[in-house]
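Novice: Structure file query-v3.csv (CSV, C-alpha atoms) is given on the next line.
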chain,number,residue,atom,x,y,z
F,241,MET,CA,0.0,0.0,0.0
F,242,THR,CA,1.2,3.5,-0.9
F,243,PRO,CA,-0.5,5.8,1.7
F,244,LEU,CA,-2.0,9.1,0.7
F,245,LEU,CA,-2.4,10.1,4.4
F,246,SER,CA,-0.2,9.5,7.4
F,247,VAL,CA,-2.1,9.8,10.7
F,248,VAL,CA,0.2,10.5,13.7
F,249,ALA,CA,-0.6,10.2,17.4
F,250,THR,CA,1.3,9.4,20.6
F,251,SER,CA,0.3,7.6,23.8
F,252,ARG,CA,1.2,5.0,26.4
F,253,ASN,CA,-0.7,2.3,28.3
F,254,ASP,CA,-1.1,4.0,31.6
F,255,ALA,CA,-4.9,4.6,32.0
F,256,HIS,CA,-4.4,8.4,31.7
F,257,GLY,CA,-7.7,10.2,31.8
F,258,GLY,CA,-9.8,7.0,32.5
F,259,HIS,CA,-10.6,4.2,30.0
F,260,LEU,CA,-7.6,5.1,27.9
F,261,LEU,CA,-7.4,1.7,26.2
F,262,ALA,CA,-11.1,2.0,25.3
F,263,ARG,CA,-10.6,5.4,23.8
F,264,MET,CA,-7.6,4.3,21.9
F,265,GLN,CA,-9.4,1.2,20.6
F,266,LEU,CA,-12.3,3.3,19.3
F,267,PHE,CA,-9.8,5.6,17.6
F,268,VAL,CA,-8.0,2.7,15.9
F,269,GLU,CA,-11.3,1.0,14.9
F,270,GLY,CA,-12.9,4.2,13.6
F,271,LEU,CA,-9.8,5.0,11.5
F,272,ALA,CA,-9.5,1.5,10.1
F,273,GLU,CA,-13.2,1.2,9.2
F,274,GLN,CA,-13.3,4.6,7.4
F,275,ALA,CA,-10.1,4.0,5.6
F,276,GLU,CA,-11.5,0.8,4.2
F,277,ARG,CA,-15.0,2.1,3.5
F,278,PHE,CA,-13.8,5.2,1.7
F,279,ARG,CA,-10.9,3.3,0.1
F,280,LEU,CA,-8.4,6.0,1.3
F,281,PRO,CA,-4.9,4.5,1.8
F,282,VAL,CA,-3.9,5.5,5.4
F,283,GLU,CA,-0.9,4.7,7.5
F,284,LEU,CA,-1.3,5.1,11.2
F,285,ILE,CA,1.9,5.9,13.1
F,286,LEU,CA,1.2,5.5,16.8
F,287,VAL,CA,4.2,6.6,18.9
F,288,GLU,CA,4.3,4.7,22.2
F,289,TRP,CA,6.3,7.0,24.5
F,290,ASN,CA,7.9,5.7,27.6
F,291,PRO,CA,5.8,2.6,27.9
F,292,PRO,CA,5.3,1.5,31.6
F,293,ALA,CA,6.9,-1.8,32.4
F,294,ASP,CA,3.9,-3.1,34.3
F,295,HIS,CA,1.5,-2.9,31.4
F,296,PRO,CA,1.5,-4.7,28.0
F,297,PRO,CA,2.7,-2.7,25.0
F,298,LEU,CA,0.1,-1.1,22.8
F,299,VAL,CA,0.8,-3.5,19.9
F,300,GLU,CA,-0.5,-6.2,22.3
F,301,ALA,CA,-3.1,-4.3,24.3
F,302,LEU,CA,-5.1,-3.1,21.3
F,303,ASP,CA,-7.1,-5.1,18.7
F,304,TRP,CA,-5.8,-4.3,15.2
F,305,GLU,CA,-7.4,-4.8,11.8
F,306,PRO,CA,-4.8,-4.0,9.1
F,307,SER,CA,-6.3,-4.0,5.6
F,308,GLU,CA,-5.7,-3.0,2.1
F,309,HIS,CA,-6.3,0.6,2.9
F,310,PHE,CA,-5.2,0.7,6.6
F,311,GLN,CA,-1.6,0.0,7.7
F,312,PRO,CA,-0.8,0.7,11.3
F,313,SER,CA,2.6,0.7,13.0
F,314,VAL,CA,3.8,1.4,16.6
F,315,ILE,CA,7.1,3.2,17.2
F,316,THR,CA,8.4,2.8,20.7
F,317,VAL,CA,10.4,5.6,22.4
F,318,PRO,CA,11.9,3.7,25.4
F,319,PRO,CA,11.9,4.8,29.0
F,320,GLU,CA,15.7,5.2,29.1
F,321,LEU,CA,15.5,8.0,26.4
F,322,HIS,CA,12.5,9.6,28.2
F,323,ARG,CA,14.6,9.9,31.4
F,324,THR,CA,17.2,12.1,29.6
F,325,PHE,CA,14.7,14.9,29.3
F,326,PRO,CA,14.2,17.6,32.0
F,327,HIS,CA,11.0,17.1,34.0
F,328,ALA,CA,10.8,13.5,33.0
F,329,ASP,CA,9.7,12.5,36.5
F,330,GLY,CA,6.7,14.9,36.5
F,331,LEU,CA,5.6,14.3,33.0
F,332,PRO,CA,5.6,10.7,31.7
F,333,LEU,CA,4.8,11.6,28.1
F,334,PHE,CA,6.1,14.6,26.0
F,335,GLN,CA,3.3,14.8,23.5
F,336,MET,CA,4.7,17.1,20.9
F,337,ILE,CA,8.2,15.5,20.8
F,338,GLY,CA,6.4,12.1,20.4
F,339,LYS,CA,4.3,13.5,17.5
F,340,ASN,CA,7.4,14.8,15.9
F,341,VAL,CA,8.9,11.3,16.0
F,342,GLY,CA,5.9,10.1,14.0
F,343,ILE,CA,5.8,13.0,11.6
F,344,ARG,CA,9.5,12.7,10.9
F,345,ARG,CA,9.1,9.0,10.0
F,346,SER,CA,5.8,9.4,8.0
F,347,THR,CA,5.8,8.4,4.3
F,348,ALA,CA,2.6,9.9,2.9
F,349,PRO,CA,2.4,13.3,1.1
F,350,PHE,CA,-0.1,14.6,3.7
F,351,VAL,CA,0.3,14.2,7.5
F,352,LEU,CA,-2.5,14.6,10.1
F,353,ALA,CA,-1.3,15.1,13.7
F,354,THR,CA,-4.1,14.1,16.0
F,355,ASN,CA,-4.8,12.4,19.4
F,356,ILE,CA,-5.9,8.9,20.4
F,357,ASP,CA,-9.4,9.9,21.6
F,358,ILE,CA,-10.5,11.4,18.3
F,359,LEU,CA,-13.1,10.1,15.7
F,360,PHE,CA,-13.8,11.8,12.3
F,361,SER,CA,-17.1,12.5,10.6
F,362,ASP,CA,-17.8,10.7,7.4
F,363,GLU,CA,-18.1,14.0,5.6
F,364,LEU,CA,-14.6,14.9,6.7
F,365,PHE,CA,-13.2,11.6,5.6
F,366,SER,CA,-14.9,11.9,2.3
F,367,PHE,CA,-13.1,15.3,1.8
F,368,LEU,CA,-9.8,13.7,2.6
F,369,GLN,CA,-10.1,11.5,-0.5
F,370,THR,CA,-9.7,14.3,-3.1
F,371,GLY,CA,-9.7,17.7,-1.4
F,372,LEU,CA,-6.2,18.1,-0.1
F,373,LYS,CA,-3.8,20.7,-1.5
F,374,PRO,CA,0.0,20.7,-0.7
F,375,ASN,CA,0.3,24.4,0.3
F,376,ALA,CA,-2.6,24.4,2.8
F,377,MET,CA,-3.1,23.6,6.5
F,378,TYR,CA,-6.5,22.2,7.4
F,379,ARG,CA,-8.4,22.7,10.6
F,380,VAL,CA,-11.9,21.5,11.8
F,381,ASP,CA,-14.2,22.2,14.7
F,382,ARG,CA,-14.0,19.7,17.6
F,383,HIS,CA,-17.1,18.3,19.1
F,384,ASP,CA,-16.7,16.9,22.6
F,385,VAL,CA,-18.9,13.8,23.4
F,386,LEU,CA,-19.3,11.7,26.5
F,387,ALA,CA,-19.3,7.9,25.7
F,388,GLU,CA,-20.0,5.1,28.2
F,389,LEU,CA,-16.7,3.3,28.1
F,390,GLY,CA,-16.8,1.4,31.4
F,391,GLY,CA,-19.3,-1.3,30.4
F,392,PRO,CA,-18.7,-4.9,29.2
F,393,ASN,CA,-19.0,-3.8,25.5
F,394,LEU,CA,-17.6,-0.7,23.8
F,395,PRO,CA,-20.0,1.4,21.7
F,396,SER,CA,-19.1,1.5,18.0
F,397,PRO,CA,-17.3,4.5,16.5
F,398,ALA,CA,-20.5,5.3,14.6
F,399,GLU,CA,-22.5,5.3,17.9
F,400,CYS,CA,-20.0,7.7,19.4
F,401,ARG,CA,-20.3,10.1,16.5
F,402,ALA,CA,-24.1,10.2,17.1
F,403,LEU,CA,-23.8,11.1,20.8
F,404,PRO,CA,-25.1,14.5,22.1
F,405,VAL,CA,-22.4,17.2,21.9
F,406,LEU,CA,-21.2,18.6,25.2
F,407,ARG,CA,-19.3,21.5,23.7
F,408,GLU,CA,-18.0,22.7,20.3
F,409,HIS,CA,-14.6,24.2,19.7
F,410,ARG,CA,-15.1,26.6,16.9
F,411,LEU,CA,-13.0,29.4,15.3
F,412,ASP,CA,-14.7,31.9,17.6
F,413,GLY,CA,-14.2,29.9,20.7
F,414,LEU,CA,-16.3,27.5,22.8
F,415,HIS,CA,-20.0,26.9,22.2
F,416,TYR,CA,-22.4,24.9,24.3
F,417,PRO,CA,-25.8,23.5,23.2
F,418,ASN,CA,-27.6,24.9,26.3
F,419,GLY,CA,-25.6,28.0,26.9
F,420,ARG,CA,-22.1,28.6,28.3
F,421,PRO,CA,-21.6,27.2,31.8
F,422,PRO,CA,-19.5,29.2,34.2
F,423,VAL,CA,-15.8,28.9,33.6
F,424,VAL,CA,-13.3,28.7,36.4
F,425,ARG,CA,-10.6,31.1,35.3
F,426,ARG,CA,-7.0,30.7,36.3
F,427,PRO,CA,-5.2,33.8,37.8
F,428,HIS,CA,-2.8,35.3,35.3
F,429,GLY,CA,0.6,34.7,36.9
F,430,ARG,CA,4.1,34.7,35.7
F,431,ASP,CA,5.2,32.9,32.5
F,432,ARG,CA,5.7,29.2,33.2
F,433,LEU,CA,8.0,28.7,30.2
F,434,ALA,CA,10.4,31.4,29.2
F,435,ILE,CA,10.8,32.1,25.5
F,436,LYS,CA,14.1,33.6,24.2
F,437,PRO,CA,14.9,36.2,23.3
F,438,ALA,CA,13.1,37.9,26.2
F,439,VAL,CA,10.5,40.5,25.2
F,440,LYS,CA,9.1,43.4,27.1
F,441,GLU,CA,6.1,42.4,29.3
F,442,LEU,CA,2.8,44.0,28.5
F,443,THR,CA,-0.2,44.2,30.8
F,444,ARG,CA,-2.9,41.6,30.0
F,445,LYS,CA,-5.3,44.3,28.8
F,446,THR,CA,-2.8,46.0,26.5
F,447,ALA,CA,-1.6,42.6,25.1
F,448,ALA,CA,-5.1,41.4,24.3
F,449,ALA,CA,-5.9,44.7,22.4
F,450,TRP,CA,-2.5,44.5,20.6
F,451,ASP,CA,-3.2,40.9,19.6
F,452,ARG,CA,-6.5,41.8,18.1
F,453,LEU,CA,-4.8,44.3,15.8
F,454,ARG,CA,-1.6,42.4,14.9
F,455,LEU,CA,-2.4,38.6,15.1
F,456,PRO,CA,-4.4,36.8,12.4
F,457,LYS,CA,-7.5,34.9,13.6
F,458,LEU,CA,-6.4,31.3,13.3
F,459,HIS,CA,-8.5,28.3,14.4
F,460,THR,CA,-6.4,27.4,17.4
F,461,SER,CA,-9.2,26.0,19.5
F,462,GLY,CA,-8.6,22.3,20.0
F,463,CYS,CA,-6.0,22.4,17.2
F,464,GLY,CA,-3.9,19.6,18.7
F,465,ASP,CA,-6.7,17.1,17.8
F,466,PHE,CA,-6.6,17.9,14.1
F,467,THR,CA,-3.8,19.7,12.3
F,468,LEU,CA,-3.4,18.5,8.7
F,469,THR,CA,-0.9,19.7,6.2
F,470,SER,CA,1.6,18.4,3.7
F,471,ARG,CA,4.7,16.5,4.8
F,472,GLU,CA,6.7,19.2,3.1
F,473,ILE,CA,5.3,21.9,5.3
F,474,TRP,CA,5.8,19.8,8.5
F,475,PHE,CA,9.4,19.4,7.5
F,476,ALA,CA,9.8,23.1,6.7
F,477,MET,CA,8.5,23.9,10.2
F,478,HIS,CA,10.6,21.2,11.8
F,479,GLY,CA,7.4,20.0,13.5
F,480,TYR,CA,6.1,21.1,16.8
F,481,PRO,CA,8.3,22.9,19.4
F,482,GLU,CA,10.2,20.3,21.3
F,483,TRP,CA,10.3,21.9,24.7
F,484,PRO,CA,10.3,19.4,27.6
F,485,ALA,CA,7.1,20.8,29.0
F,486,TYR,CA,3.4,20.2,29.0
F,487,SER,CA,2.0,20.7,25.5
F,488,TRP,CA,-0.3,23.6,26.4
F,489,HIS,CA,-0.3,26.1,23.4
F,490,MET,CA,2.5,24.3,21.5
F,491,ASP,CA,-0.1,23.0,19.0
F,492,GLY,CA,-1.1,26.6,18.3
F,493,VAL,CA,2.5,27.6,17.7
F,494,ALA,CA,2.6,25.3,14.6
F,495,LEU,CA,-0.4,27.2,13.1
F,496,PHE,CA,1.4,30.5,13.4
F,497,GLN,CA,4.5,29.0,11.9
F,498,ALA,CA,2.5,27.8,8.9
F,499,TYR,CA,0.8,31.1,8.5
F,500,ALA,CA,4.1,33.0,8.7
F,501,GLY,CA,5.5,30.7,6.0
F,502,GLY,CA,2.7,31.6,3.6
F,503,THR,CA,0.6,28.5,4.0
F,504,ASP,CA,-3.1,28.8,3.1
F,505,MET,CA,-5.0,28.3,6.4
F,506,VAL,CA,-8.2,26.4,5.6
F,507,ASN,CA,-11.0,26.0,8.2
F,508,LEU,CA,-13.3,23.2,7.0
F,509,PRO,CA,-17.0,23.8,7.9
F,510,PRO,CA,-19.3,21.4,9.7
F,511,PRO,CA,-20.3,18.6,9.3
F,512,MET,CA,-16.6,18.1,8.6
F,513,VAL,CA,-15.7,17.8,12.3
F,514,ALA,CA,-13.6,15.8,14.7
F,515,TYR,CA,-15.3,14.1,17.6
F,516,HIS,CA,-13.4,14.0,20.9
F,517,LEU,CA,-14.1,11.3,23.5
F,518,GLU,CA,-14.2,13.2,26.8
F,519,HIS,CA,-11.6,12.2,29.3
F,520,GLY,CA,-11.5,12.5,33.1
F,521,GLU,CA,-11.3,15.9,34.7
F,522,GLY,CA,-7.8,17.1,35.3
F,523,SER,CA,-6.1,14.6,32.9
F,524,GLY,CA,-6.3,17.2,30.1
F,525,TRP,CA,-7.7,20.7,29.7
F,526,THR,CA,-11.4,21.3,30.2
F,527,PRO,CA,-12.8,24.8,30.4
F,528,GLU,CA,-14.8,24.1,33.6
F,529,SER,CA,-11.8,23.2,35.7
F,530,ASN,CA,-8.3,24.3,36.8
F,531,ARG,CA,-7.3,20.9,38.0
F,532,LEU,CA,-4.8,20.3,35.1
F,533,PHE,CA,-2.7,23.4,35.9
F,534,ASP,CA,-2.9,22.8,39.6
F,535,ARG,CA,-1.5,19.3,39.0
F,536,LEU,CA,1.2,20.6,36.7
F,537,ASP,CA,2.2,23.2,39.3
F,538,GLU,CA,2.4,20.7,42.1
F,539,ALA,CA,4.6,18.5,39.9
F,540,GLY,CA,6.8,21.4,38.9
F,541,VAL,CA,6.1,20.8,35.2
F,542,PRO,CA,6.4,24.0,33.1
F,543,TYR,CA,4.0,25.0,30.4
F,544,LEU,CA,3.7,27.9,27.9
F,545,SER,CA,1.7,30.8,29.4
F,546,THR,CA,-0.8,32.6,27.2
F,547,ARG,CA,1.3,35.8,27.5
F,548,ALA,CA,4.5,34.1,26.2
F,549,TYR,CA,2.5,32.3,23.5
F,550,ARG,CA,1.1,35.5,22.1
F,551,SER,CA,4.5,37.1,22.3
F,552,LEU,CA,6.0,34.3,20.3
F,553,ALA,CA,3.2,34.4,17.8
F,554,ARG,CA,3.6,38.1,17.2
F,555,ARG,CA,7.4,37.6,16.6
F,556,MET,CA,6.7,34.9,14.0
F,557,VAL,CA,3.9,36.7,12.1
F,558,HIS,CA,5.8,40.0,12.0
F,559,GLY,CA,9.4,38.6,11.8
F,560,GLY,CA,9.6,38.3,8.1
F,561,ARG,CA,8.4,35.6,5.6
F,562,GLY,CA,9.4,32.1,6.6
F,563,PHE,CA,8.4,29.2,8.8
F,564,HIS,CA,10.7,30.2,11.7
F,565,PRO,CA,11.7,26.7,12.8
F,566,ILE,CA,12.2,26.4,16.5
F,567,ASN,CA,13.9,23.0,16.5
F,568,GLY,CA,17.2,22.0,15.0
F,569,ASP,CA,17.8,19.6,12.1
F,570,ASP,CA,17.6,16.6,14.5
F,571,TRP,CA,13.9,17.4,15.2
F,572,GLY,CA,11.7,14.3,15.7
F,573,LEU,CA,14.7,12.6,17.3
F,574,ALA,CA,15.9,11.9,13.8
F,575,SER,CA,19.3,10.5,14.8
F,576,HIS,CA,17.7,7.7,16.9
F,577,ASP,CA,16.7,4.3,15.7
F,578,PHE,CA,13.5,3.1,17.3
F,579,GLU,CA,11.8,-0.3,17.4
F,580,THR,CA,8.9,-0.3,15.1
F,581,ALA,CA,6.2,-3.0,15.3
F,582,VAL,CA,3.6,-3.8,12.6
F,583,PRO,CA,0.5,-5.1,14.4
F,584,LYS,CA,-1.0,-8.3,13.2
F,585,PRO,CA,-4.8,-8.7,12.6
F,586,VAL,CA,-6.9,-10.1,15.4
F,587,ARG,CA,-8.4,-12.6,13.0
F,588,PRO,CA,-5.8,-14.1,10.6
Turn this file's structure into C-alpha cells for me.
Specialist:
Amino acid sequence: MTPLLSVVATSRNDAHGGHLLARMQLFVEGLAEQAERFRLPVELILVEWNPPADHPPLVEALDWEPSEHFQPSVITVPPELHRTFPHADGLPLFQMIGKNVGIRRSTAPFVLATNIDILFSDELFSFLQTGLKPNAMYRVDRHDVLAELGGPNLPSPAECRALPVLREHRLDGLHYPNGRPPVVRRPHGRDRLAIKPAVKELTRKTAAAWDRLRLPKLHTSGCGDFTLTSREIWFAMHGYPEWPAYSWHMDGVALFQAYAGGTDMVNLPPPMVAYHLEHGEGSGWTPESNRLFDRLDEAGVPYLSTRAYRSLARRMVHGGRGFHPINGDDWGLASHDFETAVPKPVRP
C-alpha cells in the first residue's frame, strides 16, 4: 500500500484520563473502518512514548485490523530515552516530541497530527479523499462527546459520533448547546515557560488589544486534535516545538509558523468535524476546571503561558516571511533508531 495520508498520534498504556485503552481502541477501529470504507490509503503511526513496564505494550493491548487501505505501526520511544529529558519525573509523556517522532518518519504526502481519543465524521473523511492541496493547512471544529466506556462492551465509533455534543470548539471559541456554563478562570501569573529572546512584558489588557490588531484569527481552539498539512510543510517547520514541558499552546505555535510561511489556512466547515471522546477531569484541559494546571504546578512541570505564547506568535507573524523553525535539524529525534512493530490482525 502506498499511503495518501499519514495519521500520527502518541500515547502509552497508563490509564491516563480514564478508560484510555477503550478510547484508543475506538480511535483505531474508527480510522481502520473509514479508511477501508472510503478506500483511502492510510498509514497510522502510533508513537508509544515511555511505555510502563507493568502494562502490556500497545501493539498487544489493542485489537488491530490492518487491511488493504489501513496500515498501522507502533514506534516505541523507550523509558531510558525519556529519562534524559528535563521534568521526565513529573511528565511521563512529551506529547509534541512524540508526535514529531511520527511526523519525521511518515511516508505519505499529507500528515495529520491528532490524538488517540478522536473520531472523524464521514463528511470529513470523504473530503480527505480528493480535497487536499499541498500548500494548505486544514483545521476543523472539535465536538466533545461523552461515551459510556466502562461497560462490558464498547460502543461502536458510529454510535460515538451520534452522541449528544457537550461543547463545540469553533474558530470563535467554545460553544455549548444549552448556553455557556461558568468557567473557572486561572489567575494570570508569571510565565511558566520562558521564551528567548526575552521581550518586554505587556499588561494583559494591552496585550489582548494588541493581539486583536496584529495577530491573524487562526483556528487554534482544539487544534492539537486535528492539524493536517503536507509532509513538506511539516518538515519546513521542523514539526512542533520540542520543549520538555506540558503541551499547552504548543499546538497553536505550529499554526502561526505555517501562517508566517505563507501556507493557506483552511478551516473546513461542519459537518466536517472531529469528535473528541471526553476524558477524566484534570487529565487534560477542560474549560470548567483548573485541576490540570494545579496538578502541573504541584509536579513542577512547566507550560507555555498565554502571554508568552502570544508574544512568540507576534514575533513569528511579523518577523519576516518564513516558517521560523524552533527546533534544529535533528527534530523528531531523527538520529535515533526506534523499534517499530507492525500489528497483526486479530483474525488471521
Novice: To one decimal place in Å, what is the distance between atom CA of F:Thr324 and atom CA of F:Gly338?
Specialist: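 Separating atom CA of F:Thr324 from atom CA of F:Gly338 is a distance of 14.2 Å.
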Novice: Within 8 Å of F:Val513, counting all atoms listed in the file, which residues show up once you throw out same-chain ones fewer than 4 positions away? Write them as a list in words, please.
Specialist: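 What passes the distance filter is Phe360, Ser361, Leu364, Val380, Asp381, Arg382, His383, Leu508 and Pro509 of chain F.
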Novice: Restricting the calculation to only C-alpha atoms: of F:Tyr486, F:Pro510, F:Met336, F:Ser461, which residue gets closest to F:Phe367?
Specialist: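 The answer is F:Pro510, which sits nearest to F:Phe367.
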Novice: May I ask which of the residues F:Val299, F:Ala548, F:Ala255, F:Ile356 is the closest one to F:Leu271, counting all atoms listed in the file?
Specialist: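 Residue with the minimum atom-to-atom distance to F:Leu271: F:Ile356.
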Novice: What separation in Å, quoted to one decimal, exists between atom CA of F:Ser545 and atom CA of F:Ala485?
Specialist: 11.4 Å
Novice: Quick one, how far is atom CA of F:Leu403 from atom CA of F:Val385?
Specialist: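 Pair atom CA of F:Leu403 / atom CA of F:Val385 returns 6.2 Å.
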Novice: Counting all atoms listed in the file, which of F:Leu517, F:Leu286, F:Ala402, F:Leu455 gets nearest to F:Val341?
Specialist: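 Of all the options, F:Leu286 lies closest to F:Val341.
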Novice: Pick from F:Arg323, F:Pro565, F:Ala500, F:Gln274: nearest to F:Glu305, with all atoms listed in the file counted?
Specialist: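 Using all atoms listed in the file, the shortest distance to F:Glu305 belongs to F:Gln274.
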Novice: Per residue of stretch 294-332 of chain F within 12 Å of stretch 243-249 of chain F, which atom pair is closest and at what distance in Å (one decimal), using all atoms listed in the file, listed by chain and increasing number, as JSON lines?
Specialist:
{"residue": "F:Glu308", "atom": "CA", "partner": "F:Pro243", "partner_atom": "CA", "distance": 10.2}
{"residue": "F:His309", "atom": "CA", "partner": "F:Pro243", "partner_atom": "CA", "distance": 7.9}
{"residue": "F:Phe310", "atom": "CA", "partner": "F:Pro243", "partner_atom": "CA", "distance": 8.5}
{"residue": "F:Gln311", "atom": "CA", "partner": "F:Pro243", "partner_atom": "CA", "distance": 8.4}
{"residue": "F:Pro312", "atom": "CA", "partner": "F:Val247", "partner_atom": "CA", "distance": 9.2}
{"residue": "F:Ser313", "atom": "CA", "partner": "F:Val248", "partner_atom": "CA", "distance": 10.1}
{"residue": "F:Val314", "atom": "CA", "partner": "F:Ala249", "partner_atom": "CA", "distance": 9.9}
{"residue": "F:Ile315", "atom": "CA", "partner": "F:Ala249", "partner_atom": "CA", "distance": 10.4}
Novice: Please provide as a PDB file with C-alpha atoms, in the frame of the given file all residues within 6 Å of F:Ile358, with the sequence filter that same-chain residues fewer than 4 positions apart are discarded (counting all atoms listed in the file).
Specialist:
ATOM      1  CA  PHE F 267      -9.800   5.600  17.600  1.00  0.00           C
ATOM      2  CA  TYR F 515     -15.300  14.100  17.600  1.00  0.00           C
ATOM      3  CA  HIS F 516     -13.400  14.000  20.900  1.00  0.00           C
TER       4      HIS F 516
END
Novice: Using only C-alpha atoms, give me every residue within 12 Å of (7.0, 4.4, 28.4) in file coordinates, as a PyMOL selection string.
Specialist: chain F and resi 250-254+287-298+315-323+328-329+331-334+338
